[in-house]
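What follows is the content of my_file_29.pdb (PDB, C-alpha atoms).
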```
ATOM      1  CA  MET A  82      23.894  -6.252  21.978  1.00  0.00           C
ATOM      2  CA  ASP A  83      20.298  -6.504  23.221  1.00  0.00           C
ATOM      3  CA  PHE A  84      18.827  -6.964  19.759  1.00  0.00           C
ATOM      4  CA  VAL A  85      15.234  -7.358  20.954  1.00  0.00           C
ATOM      5  CA  LYS A  86      15.353  -4.040  22.795  1.00  0.00           C
ATOM      6  CA  LEU A  87      16.998  -2.390  19.781  1.00  0.00           C
ATOM      7  CA  TYR A  88      14.409  -3.696  17.339  1.00  0.00           C
ATOM      8  CA  LEU A  89      11.526  -2.744  19.612  1.00  0.00           C
ATOM      9  CA  THR A  90      12.964   0.776  19.635  1.00  0.00           C
ATOM     10  CA  THR A  91      13.026   0.734  15.823  1.00  0.00           C
ATOM     11  CA  LEU A  92       9.393  -0.355  15.804  1.00  0.00           C
ATOM     12  CA  ASP A  93       8.542   2.356  18.310  1.00  0.00           C
ATOM     13  CA  PHE A  94       9.922   4.958  15.888  1.00  0.00           C
ATOM     14  CA  TYR A  95       7.965   3.410  13.022  1.00  0.00           C
ATOM     15  CA  PHE A  96       4.653   3.417  14.870  1.00  0.00           C
ATOM     16  CA  ARG A  97       5.264   6.887  16.298  1.00  0.00           C
ATOM     17  CA  ASP A  98       5.909   8.286  12.821  1.00  0.00           C
ATOM     18  CA  SER A  99       2.873   6.448  11.474  1.00  0.00           C
ATOM     19  CA  ARG A 100       0.680   7.947  14.179  1.00  0.00           C
ATOM     20  CA  GLY A 101       2.131  11.372  13.470  1.00  0.00           C
ATOM     21  CA  LEU A 102       1.188  11.181   9.801  1.00  0.00           C
ATOM     22  CA  GLY A 103      -2.307   9.968  10.617  1.00  0.00           C
ATOM     23  CA  ASN A 104      -2.882  12.699  13.195  1.00  0.00           C
ATOM     24  CA  PHE A 105      -1.607  15.376  10.805  1.00  0.00           C
ATOM     25  CA  ILE A 106      -4.030  14.409   8.045  1.00  0.00           C
ATOM     26  CA  GLU A 107      -6.954  13.825  10.410  1.00  0.00           C
ATOM     27  CA  LYS A 108      -6.450  17.326  11.819  1.00  0.00           C
ATOM     28  CA  TYR A 109      -6.619  18.741   8.290  1.00  0.00           C
ATOM     29  CA  ILE A 110      -9.792  16.745   7.566  1.00  0.00           C
ATOM     30  CA  LYS A 111     -11.433  17.983  10.770  1.00  0.00           C
ATOM     31  CA  GLU A 112     -10.540  21.605  10.092  1.00  0.00           C
ATOM     32  CA  THR A 113     -11.734  21.402   6.484  1.00  0.00           C
ATOM     33  CA  VAL A 114     -15.124  20.010   7.514  1.00  0.00           C
ATOM     34  CA  GLU A 115     -15.531  22.557  10.318  1.00  0.00           C
ATOM     35  CA  ARG A 116     -15.002  25.517   7.981  1.00  0.00           C
ATOM     36  CA  PHE A 117     -17.065  24.090   5.113  1.00  0.00           C
ATOM     37  CA  ASP A 118     -19.955  26.542   5.493  1.00  0.00           C
ATOM     38  CA  THR A 119     -17.512  29.442   5.596  1.00  0.00           C
ATOM     39  CA  ASP A 120     -15.562  28.253   2.550  1.00  0.00           C
ATOM     40  CA  TYR A 121     -18.682  27.503   0.477  1.00  0.00           C
ATOM     41  CA  PRO A 122     -21.382  30.025   1.386  1.00  0.00           C
ATOM     42  CA  ILE A 123     -24.644  30.503  -0.502  1.00  0.00           C
ATOM     43  CA  GLU A 124     -26.006  34.049  -0.679  1.00  0.00           C
ATOM     44  CA  GLU A 125     -29.324  34.232   1.148  1.00  0.00           C
ATOM     45  CA  ASP A 126     -31.225  36.127  -1.568  1.00  0.00           C
ATOM     46  CA  ILE A 127     -30.481  33.542  -4.319  1.00  0.00           C
ATOM     47  CA  GLU A 128     -33.293  31.219  -3.240  1.00  0.00           C
ATOM     48  CA  GLU A 129     -35.862  33.939  -3.811  1.00  0.00           C
ATOM     49  CA  SER A 130     -34.351  35.584  -6.878  1.00  0.00           C
ATOM     50  CA  ASN A 131     -33.297  32.455  -8.739  1.00  0.00           C
ATOM     51  CA  PRO A 132     -34.753  29.295  -7.132  1.00  0.00           C
ATOM     52  CA  ASP A 133     -33.552  26.936  -9.879  1.00  0.00           C
ATOM     53  CA  PHE A 134     -29.995  28.091  -9.517  1.00  0.00           C
ATOM     54  CA  TYR A 135     -30.314  27.947  -5.727  1.00  0.00           C
ATOM     55  CA  HIS A 136     -31.376  24.306  -5.789  1.00  0.00           C
ATOM     56  CA  PHE A 137     -28.559  23.557  -8.216  1.00  0.00           C
ATOM     57  CA  LEU A 138     -26.076  25.087  -5.775  1.00  0.00           C
ATOM     58  CA  VAL A 139     -27.553  23.177  -2.846  1.00  0.00           C
ATOM     59  CA  ASP A 140     -27.213  19.898  -4.742  1.00  0.00           C
ATOM     60  CA  GLU A 141     -23.641  20.720  -5.727  1.00  0.00           C
ATOM     61  CA  LEU A 142     -22.671  21.677  -2.202  1.00  0.00           C
ATOM     62  CA  SER A 143     -24.400  18.645  -0.764  1.00  0.00           C
ATOM     63  CA  GLU A 144     -22.290  16.395  -2.978  1.00  0.00           C
ATOM     64  CA  LYS A 145     -19.150  18.330  -2.070  1.00  0.00           C
ATOM     65  CA  TRP A 146     -20.022  18.047   1.624  1.00  0.00           C
ATOM     66  CA  TRP A 147     -20.179  14.261   1.405  1.00  0.00           C
ATOM     67  CA  GLN A 148     -16.900  14.225  -0.471  1.00  0.00           C
ATOM     68  CA  PHE A 149     -15.139  16.320   2.159  1.00  0.00           C
ATOM     69  CA  SER A 150     -16.733  14.719   5.223  1.00  0.00           C
ATOM     70  CA  ARG A 151     -16.893  11.066   4.108  1.00  0.00           C
ATOM     71  CA  ASP A 152     -15.415  10.058   0.752  1.00  0.00           C
ATOM     72  CA  TYR A 153     -12.072  11.883   0.773  1.00  0.00           C
ATOM     73  CA  PRO A 154     -11.325  10.993   4.426  1.00  0.00           C
ATOM     74  CA  SER A 155     -12.089   7.352   3.650  1.00  0.00           C
ATOM     75  CA  GLU A 156      -9.753   7.414   0.655  1.00  0.00           C
ATOM     76  CA  PHE A 157      -6.953   8.745   2.819  1.00  0.00           C
ATOM     77  CA  ARG A 158      -7.623   6.309   5.657  1.00  0.00           C
ATOM     78  CA  ALA A 159      -7.685   3.371   3.262  1.00  0.00           C
ATOM     79  CA  SER A 160      -4.330   4.240   1.690  1.00  0.00           C
ATOM     80  CA  TYR A 161      -2.927   5.040   5.136  1.00  0.00           C
ATOM     81  CA  ILE A 162      -3.956   1.672   6.574  1.00  0.00           C
ATOM     82  CA  ALA A 163      -2.538  -0.107   3.526  1.00  0.00           C
ATOM     83  CA  GLN A 164       0.736   1.756   4.046  1.00  0.00           C
ATOM     84  CA  VAL A 165       0.846   0.938   7.760  1.00  0.00           C
ATOM     85  CA  PHE A 166       0.149  -2.735   7.107  1.00  0.00           C
ATOM     86  CA  ASN A 167       2.854  -2.840   4.445  1.00  0.00           C
ATOM     87  CA  GLY A 168       5.288  -1.582   7.071  1.00  0.00           C
ATOM     88  CA  ILE A 169       4.132  -4.242   9.534  1.00  0.00           C
ATOM     89  CA  ASP A 170       4.555  -6.916   6.867  1.00  0.00           C
ATOM     90  CA  THR A 171       8.022  -5.622   5.988  1.00  0.00           C
ATOM     91  CA  HIS A 172       9.141  -5.808   9.617  1.00  0.00           C
ATOM     92  CA  MET A 173       7.778  -9.342   9.876  1.00  0.00           C
ATOM     93  CA  ALA A 174       9.814 -10.356   6.822  1.00  0.00           C
ATOM     94  CA  LYS A 175      12.922  -8.674   8.235  1.00  0.00           C
ATOM     95  CA  ILE A 176      12.592 -10.519  11.552  1.00  0.00           C
ATOM     96  CA  CYS A 177      12.269 -13.839   9.712  1.00  0.00           C
ATOM     97  CA  MET A 178      15.276 -13.077   7.527  1.00  0.00           C
ATOM     98  CA  LEU A 179      17.432 -12.047  10.503  1.00  0.00           C
ATOM     99  CA  HIS A 180      16.554 -15.258  12.298  1.00  0.00           C
ATOM    100  CA  HIS A 181      17.358 -17.286   9.188  1.00  0.00           C
ATOM    101  CA  ARG A 182      20.690 -15.523   8.791  1.00  0.00           C
ATOM    102  CA  VAL A 183      21.705 -16.483  12.330  1.00  0.00           C
ATOM    103  CA  TYR A 184      20.465 -20.064  12.536  1.00  0.00           C
ATOM    104  CA  GLU A 185      20.186 -21.107   8.874  1.00  0.00           C
ATOM    105  CA  PRO A 186      17.249 -23.502   9.278  1.00  0.00           C
ATOM    106  CA  GLU A 187      16.043 -25.721   6.460  1.00  0.00           C
ATOM    107  CA  LYS A 188      13.954 -23.063   4.729  1.00  0.00           C
ATOM    108  CA  ALA A 189      13.694 -19.306   4.511  1.00  0.00           C
ATOM    109  CA  TRP A 190      10.194 -17.949   5.098  1.00  0.00           C
ATOM    110  CA  PHE A 191       9.583 -17.162   1.425  1.00  0.00           C
ATOM    111  CA  LYS A 192      10.325 -20.749   0.391  1.00  0.00           C
ATOM    112  CA  ILE A 193       7.444 -22.165   2.403  1.00  0.00           C
ATOM    113  CA  ASN A 194       4.746 -23.371   0.003  1.00  0.00           C
ATOM    114  CA  ASN A 195       0.964 -23.558  -0.195  1.00  0.00           C
ATOM    115  CA  VAL A 196       0.108 -20.462   1.837  1.00  0.00           C
ATOM    116  CA  ASN A 197       0.044 -16.708   1.191  1.00  0.00           C
ATOM    117  CA  GLU A 198       3.046 -14.469   1.902  1.00  0.00           C
ATOM    118  CA  TRP A 199       1.729 -13.346   5.283  1.00  0.00           C
ATOM    119  CA  LYS A 200       1.078 -16.867   6.558  1.00  0.00           C
ATOM    120  CA  LYS A 201       4.477 -18.034   5.346  1.00  0.00           C
ATOM    121  CA  LYS A 202       6.000 -15.805   8.008  1.00  0.00           C
ATOM    122  CA  TYR A 203       3.693 -17.293  10.634  1.00  0.00           C
ATOM    123  CA  ARG A 204       4.694 -20.826   9.692  1.00  0.00           C
ATOM    124  CA  TYR A 205       8.375 -19.945   9.583  1.00  0.00           C
ATOM    125  CA  LEU A 206       8.348 -18.391  13.048  1.00  0.00           C
ATOM    126  CA  LYS A 207       6.321 -21.239  14.518  1.00  0.00           C
ATOM    127  CA  THR A 208       8.283 -24.043  12.856  1.00  0.00           C
ATOM    128  CA  TYR A 209      11.855 -22.749  12.763  1.00  0.00           C
ATOM    129  CA  ALA A 210      11.993 -20.076  15.478  1.00  0.00           C
ATOM    130  CA  GLY A 211       9.878 -21.987  17.965  1.00  0.00           C
ATOM    131  CA  VAL A 212       7.449 -19.130  18.522  1.00  0.00           C
ATOM    132  CA  ASP A 213       4.365 -19.953  20.584  1.00  0.00           C
ATOM    133  CA  PHE A 214       1.521 -17.824  19.223  1.00  0.00           C
ATOM    134  CA  THR A 215      -0.957 -18.739  21.956  1.00  0.00           C
ATOM    135  CA  ASP A 216      -0.698 -15.433  23.821  1.00  0.00           C
ATOM    136  CA  MET A 217      -0.750 -13.348  20.654  1.00  0.00           C
ATOM    137  CA  GLN A 218      -3.072 -15.344  18.428  1.00  0.00           C
ATOM    138  CA  ALA A 219      -5.812 -12.730  18.778  1.00  0.00           C
ATOM    139  CA  GLU A 220      -3.456 -10.001  17.531  1.00  0.00           C
ATOM    140  CA  TRP A 221      -2.257 -12.200  14.676  1.00  0.00           C
ATOM    141  CA  ASP A 222      -5.826 -13.055  13.640  1.00  0.00           C
ATOM    142  CA  PHE A 223      -6.828  -9.387  13.698  1.00  0.00           C
ATOM    143  CA  LEU A 224      -3.827  -8.397  11.577  1.00  0.00           C
ATOM    144  CA  ASP A 225      -4.738 -11.187   9.156  1.00  0.00           C
ATOM    145  CA  GLU A 226      -8.184  -9.591   8.798  1.00  0.00           C
ATOM    146  CA  ILE A 227      -6.465  -6.273   8.087  1.00  0.00           C
ATOM    147  CA  ARG A 228      -4.373  -8.039   5.443  1.00  0.00           C
ATOM    148  CA  LYS A 229      -7.591  -9.039   3.675  1.00  0.00           C
ATOM    149  CA  ILE A 230      -8.935  -5.483   3.891  1.00  0.00           C
ATOM    150  CA  ARG A 231      -5.590  -4.145   2.660  1.00  0.00           C
ATOM    151  CA  ASN A 232      -5.688  -6.441  -0.387  1.00  0.00           C
ATOM    152  CA  GLN A 233      -9.106  -5.115  -1.384  1.00  0.00           C
ATOM    153  CA  ILE A 234      -7.888  -1.549  -0.929  1.00  0.00           C
ATOM    154  CA  VAL A 235      -4.853  -2.101  -3.145  1.00  0.00           C
ATOM    155  CA  HIS A 236      -6.296  -4.408  -5.797  1.00  0.00           C
ATOM    156  CA  HIS A 237      -9.938  -3.305  -5.941  1.00  0.00           C
ATOM    157  CA  HIS A 238      -9.912   0.322  -4.757  1.00  0.00           C
ATOM    158  CA  SER A 239     -11.676  -0.506  -1.486  1.00  0.00           C
ATOM    159  CA  GLY A 240     -14.240  -2.697  -3.182  1.00  0.00           C
ATOM    160  CA  VAL A 241     -15.358  -6.224  -2.402  1.00  0.00           C
ATOM    161  CA  SER A 242     -17.821  -8.661  -3.946  1.00  0.00           C
ATOM    162  CA  PHE A 243     -19.287 -12.114  -3.445  1.00  0.00           C
ATOM    163  CA  ASN A 244     -16.797 -13.441  -6.021  1.00  0.00           C
ATOM    164  CA  ASP A 245     -13.747 -12.521  -3.919  1.00  0.00           C
ATOM    165  CA  LYS A 246     -12.239 -15.370  -1.902  1.00  0.00           C
ATOM    166  CA  ASP A 247     -12.254 -13.300   1.294  1.00  0.00           C
ATOM    167  CA  TRP A 248     -15.818 -11.988   0.838  1.00  0.00           C
ATOM    168  CA  ALA A 249     -17.306 -13.799   3.835  1.00  0.00           C
ATOM    169  CA  ALA A 250     -14.535 -12.746   6.218  1.00  0.00           C
ATOM    170  CA  ILE A 251     -14.502  -9.128   5.030  1.00  0.00           C
ATOM    171  CA  LYS A 252     -18.289  -8.849   5.140  1.00  0.00           C
ATOM    172  CA  LEU A 253     -18.329 -10.194   8.700  1.00  0.00           C
ATOM    173  CA  PHE A 254     -15.531  -7.818   9.710  1.00  0.00           C
ATOM    174  CA  ILE A 255     -17.376  -4.815   8.261  1.00  0.00           C
ATOM    175  CA  LEU A 256     -20.707  -5.715   9.837  1.00  0.00           C
ATOM    176  CA  SER A 257     -19.010  -6.410  13.189  1.00  0.00           C
ATOM    177  CA  ASN A 258     -17.094  -3.095  13.191  1.00  0.00           C
ATOM    178  CA  SER A 259     -19.704  -0.680  11.854  1.00  0.00           C
ATOM    179  CA  ASP A 260     -18.387   2.155  14.012  1.00  0.00           C
ATOM    180  CA  ILE A 261     -15.126   2.297  12.034  1.00  0.00           C
ATOM    181  CA  ILE A 262     -15.890   0.748   8.617  1.00  0.00           C
ATOM    182  CA  THR A 263     -19.072   0.399   6.592  1.00  0.00           C
ATOM    183  CA  PHE A 264     -20.398  -0.501   3.164  1.00  0.00           C
ATOM    184  CA  LYS A 265     -20.978   2.464   0.884  1.00  0.00           C
ATOM    185  CA  ASP A 266     -24.302   1.310  -0.439  1.00  0.00           C
ATOM    186  CA  ASP A 267     -27.787   2.761  -0.531  1.00  0.00           C
ATOM    187  CA  GLY A 268     -30.789   0.758   0.538  1.00  0.00           C
ATOM    188  CA  ASP A 269     -32.670  -1.157  -2.134  1.00  0.00           C
ATOM    189  CA  GLU A 270     -36.437  -0.815  -1.862  1.00  0.00           C
ATOM    190  CA  LEU A 271     -38.165  -4.171  -2.242  1.00  0.00           C
ATOM    191  CA  GLU A 272     -41.703  -4.829  -3.457  1.00  0.00           C
ATOM    192  CA  ASP A 273     -43.001  -5.064   0.110  1.00  0.00           C
ATOM    193  CA  GLU A 274     -41.519  -1.600   0.796  1.00  0.00           C
ATOM    194  CA  ARG A 275     -38.739  -2.896   3.029  1.00  0.00           C
ATOM    195  CA  ILE A 276     -35.353  -1.279   2.614  1.00  0.00           C
ATOM    196  CA  MET A 277     -32.550  -3.855   2.427  1.00  0.00           C
ATOM    197  CA  PRO A 278     -28.814  -3.199   2.144  1.00  0.00           C
ATOM    198  CA  LEU A 279     -27.595  -3.694  -1.407  1.00  0.00           C
ATOM    199  CA  HIS A 280     -24.930  -6.150  -0.277  1.00  0.00           C
ATOM    200  CA  GLU A 281     -27.760  -8.395   0.904  1.00  0.00           C
ATOM    201  CA  VAL A 282     -29.951  -8.297  -2.207  1.00  0.00           C
ATOM    202  CA  ARG A 283     -27.321  -7.844  -4.935  1.00  0.00           C
ATOM    203  CA  PRO A 284     -24.371  -9.932  -3.714  1.00  0.00           C
ATOM    204  CA  HIS A 285     -22.607 -10.157  -7.080  1.00  0.00           C
ATOM    205  CA  TYR A 286     -22.023  -6.404  -7.262  1.00  0.00           C
ATOM    206  CA  ARG A 287     -18.689  -5.011  -6.155  1.00  0.00           C
ATOM    207  CA  PHE A 288     -19.347  -2.868  -3.124  1.00  0.00           C
ATOM    208  CA  LYS A 289     -17.092  -0.080  -1.969  1.00  0.00           C
ATOM    209  CA  PHE A 290     -16.419   0.133   1.748  1.00  0.00           C
ATOM    210  CA  LEU A 291     -15.727   3.312   3.659  1.00  0.00           C
ATOM    211  CA  ILE A 292     -13.384   3.725   6.588  1.00  0.00           C
ATOM    212  CA  ILE A 293     -15.396   6.190   8.610  1.00  0.00           C
ATOM    213  CA  SER A 294     -13.230   6.709  11.673  1.00  0.00           C
ATOM    214  CA  PRO A 295      -9.553   7.378  12.437  1.00  0.00           C
ATOM    215  CA  ALA A 296     -10.011   4.823  15.217  1.00  0.00           C
ATOM    216  CA  PHE A 297      -9.531   2.066  12.617  1.00  0.00           C
ATOM    217  CA  ALA A 298      -5.891   2.966  11.961  1.00  0.00           C
ATOM    218  CA  GLU A 299      -5.295   3.514  15.672  1.00  0.00           C
ATOM    219  CA  LEU A 300      -6.586   0.007  16.350  1.00  0.00           C
ATOM    220  CA  VAL A 301      -4.307  -1.472  13.677  1.00  0.00           C
ATOM    221  CA  ILE A 302      -1.241   0.266  15.112  1.00  0.00           C
ATOM    222  CA  ASP A 303      -2.103  -0.587  18.728  1.00  0.00           C
ATOM    223  CA  THR A 304      -2.648  -4.240  17.802  1.00  0.00           C
ATOM    224  CA  ALA A 305       0.608  -4.441  15.852  1.00  0.00           C
ATOM    225  CA  GLU A 306       2.545  -2.868  18.719  1.00  0.00           C
ATOM    226  CA  SER A 307       1.119  -5.389  21.152  1.00  0.00           C
ATOM    227  CA  PHE A 308       1.908  -8.226  18.753  1.00  0.00           C
ATOM    228  CA  PHE A 309       5.561  -7.307  18.252  1.00  0.00           C
ATOM    229  CA  LYS A 310       6.113  -6.749  21.981  1.00  0.00           C
ATOM    230  CA  LYS A 311       4.964 -10.322  22.574  1.00  0.00           C
ATOM    231  CA  LEU A 312       6.730 -11.780  19.530  1.00  0.00           C
ATOM    232  CA  LEU A 313      10.266 -10.461  19.732  1.00  0.00           C
ATOM    233  CA  PRO A 314      11.159 -11.651  23.245  1.00  0.00           C
ATOM    234  CA  GLN A 315      10.386 -15.205  22.091  1.00  0.00           C
ATOM    235  CA  ILE A 316      13.042 -15.122  19.356  1.00  0.00           C
ATOM    236  CA  SER A 317      16.696 -15.612  20.169  1.00  0.00           C
ATOM    237  CA  PHE A 318      19.071 -13.275  18.332  1.00  0.00           C
ATOM    238  CA  LYS A 319      22.003 -13.791  20.689  1.00  0.00           C
ATOM    239  CA  GLU A 320      24.467 -14.413  17.863  1.00  0.00           C
ATOM    240  CA  ILE A 321      23.804 -11.159  16.034  1.00  0.00           C
TER     241      ILE A 321
END
```
Do you think you could lay out the structure here as structure tokens?
Amino acid sequence: MDFVKLYLTTLDFYFRDSRGLGNFIEKYIKETVERFDTDYPIEEDIEESNPDFYHFLVDELSEKWWQFSRDYPSEFRASYIAQVFNGIDTHMAKICMLHHRVYEPEKAWFKINNVNEWKKKYRYLKTYAGVDFTDMQAEWDFLDEIRKIRNQIVHHHSGVSFNDKDWAAIKLFILSNSDIITFKDDGDELEDERIMPLHEVRPHYRFKFLIISPAFAELVIDTAESFFKKLLPQISFKEI
């Protein structure tokens, strides 16, 4: 049995299904935003006949617009990315366990100490499966950044603060990828009339981040696919 080919096929199904779910929801988001004005019209004569009520409606619709076009899509994308990463992590654990079942090295991946669950798998594969990560270190490092983002999504509802251990890494990732993820913070006006981002002037607050593009999830899936295609051929499963 060509186990590597078989498992890559399994992963192909997983990533294809993941893409399908993402595309389905993104299509719904796009269609909802495009028909917003049709679904939530304001009668033209209200502004003249009842200006107070008109301005109330405008404010209400403005808030709803931002919910539909920014906040709700970000909530979906965040949970979607967390789900995709959980699948990636599960496959990593399965690969480690299958290798351990065949060769029975000194330790299983989950018995490796002093590092987080994700890095335990890295150490297991490097130490006991002889994997050389040189050609896929960039993919691994990127997925490790996604792990940090995923933890903030799950444990802090897409929020991060100076007090979090991964603050520096997450802040750098957000600022370096502003086309797909951004801080949800308004500018803070200083005494000299400069506008500074809140995460710069109030670092101890917990700031929510927004995933503003479906390209984020696409990048995660593409990176994971590349990683597994480089990883699996390095691992011998001949005895399975």
Write out as JSON an axis-aligned box for region 110-124 of chain A: all of its atoms listed in the file, 3 Å added on each side, centre and edge lengths in Å with one decimal.
```
{"center_x": -17.9, "center_y": 25.4, "center_z": 5.0, "size_x": 22.2, "size_y": 23.3, "size_z": 17.4}
```
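As for CA of Arg287 (chain A) and CA of Arg151 (chain A), they are spaced 19.2 Å apart.
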**Request:** Considering only C-alpha atoms, state which residue in the set A:Asp152, A:Asp213, A:Glu306, A:Asp247 is at the smallest distance from Glu226 (chain A).
**Result:**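 Closest residue, counting only C-alpha atoms: A:Asp247.
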**Request:** Pull out every residue that the PyMOL selection byres ((chain A and resi 93) around 12) matches in the shown coordinates and put them as a PyMOL selection string.
**Result:** chain A and resi 86-92+94-100+169+172+302-303+305-307+309-310
Sorted by chain and rising residue number, which residues of region 198-254 of chain A lie within 8 Å of region 161-166 of chain A, and what are their closest atom pairs and distances in Å to one decimal, counting only C-alpha atoms, as a tab-separated table?
```
residue	atom	partner	partner_atom	distance
A:Ile227	CA	A:Phe166	CA	7.6
A:Arg228	CA	A:Phe166	CA	7.2
A:Arg231	CA	A:Ala163	CA	5.1
A:Ile234	CA	A:Ala163	CA	7.1
A:Val235	CA	A:Ala163	CA	7.3
```
**Asked** With only C-alpha atoms as the atoms that count, which of A:Ala159, A:Cys177, A:Ala249, A:Leu312 lies nearest to Ala298 (chain A)?
**Response**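 Result for the nearest residue to Ala298 (chain A): A:Ala159.
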**Request:** Give the answer as one residue: which of A:Met277, A:Ala296, A:Ile316, A:Ile127 has the shortest atom-to-atom distance to Asn104 (chain A), using only C-alpha atoms?
**Result:**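 For Asn104 (chain A), the nearest of the candidates is A:Ala296.
We find CA of Lys202 (chain A) and CA of Lys175 (chain A) to be spaced 9.9 Å apart.
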**Message:** Counting all atoms listed in the file, which residues have an atom no more than 9 Å from (-15.3, 7.2, 12.9) in the file's coordinates? Please list them as a list in words.
**Reply:**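 Protein and nucleic acid residues near the point are Asp260, Ile261, Ile262, Ile292, Ile293, Ser294, Pro295, Ala296 and Phe297 of chain A.
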**Message:** Applying the PyMOL selection byres ((chain A and resi 180-190) around 12) to the file I just gave you, which residues come out? Please list them as a PyMOL selection string.
**Reply:** chain A and resi 84-85+173-179+191-194+196-212+313+315-321
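Here CA of Tyr135 (chain A) is placed at a distance of 25.2 Å from CA of Tyr153 (chain A).
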**Request:** May I ask which of the residues A:Val139, A:Val282, A:Ile110, A:Ile251 is the closest one to Gln233 (chain A), counting all atoms listed in the file?
**Result:** A:Ile251
Run through the PyMOL selection byres ((chain A and resi 263) around 6) on the given coordinates and return the selected residues as a compact mmCIF listing (two decimals) with C-alpha atoms, keeping the file's coordinate frame.
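Wrote selection-v1.txt, looks like this:
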```txt
# COMPACT_ATOMS: atom_id res chain seq x y z
CA ILE A 255 -17.38 -4.82 8.26
CA SER A 259 -19.70 -0.68 11.85
CA ILE A 262 -15.89 0.75 8.62
CA PHE A 264 -20.40 -0.50 3.16
CA PHE A 290 -16.42 0.13 1.75
CA LEU A 291 -15.73 3.31 3.66
```
**Asked** A:Ile230, A:Pro132, A:Phe149, A:Phe243: which is nearest Asp120 (chain A), counting all atoms listed in the file?
**Response**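 Smallest separation from Asp120 (chain A) among the options: A:Phe149.
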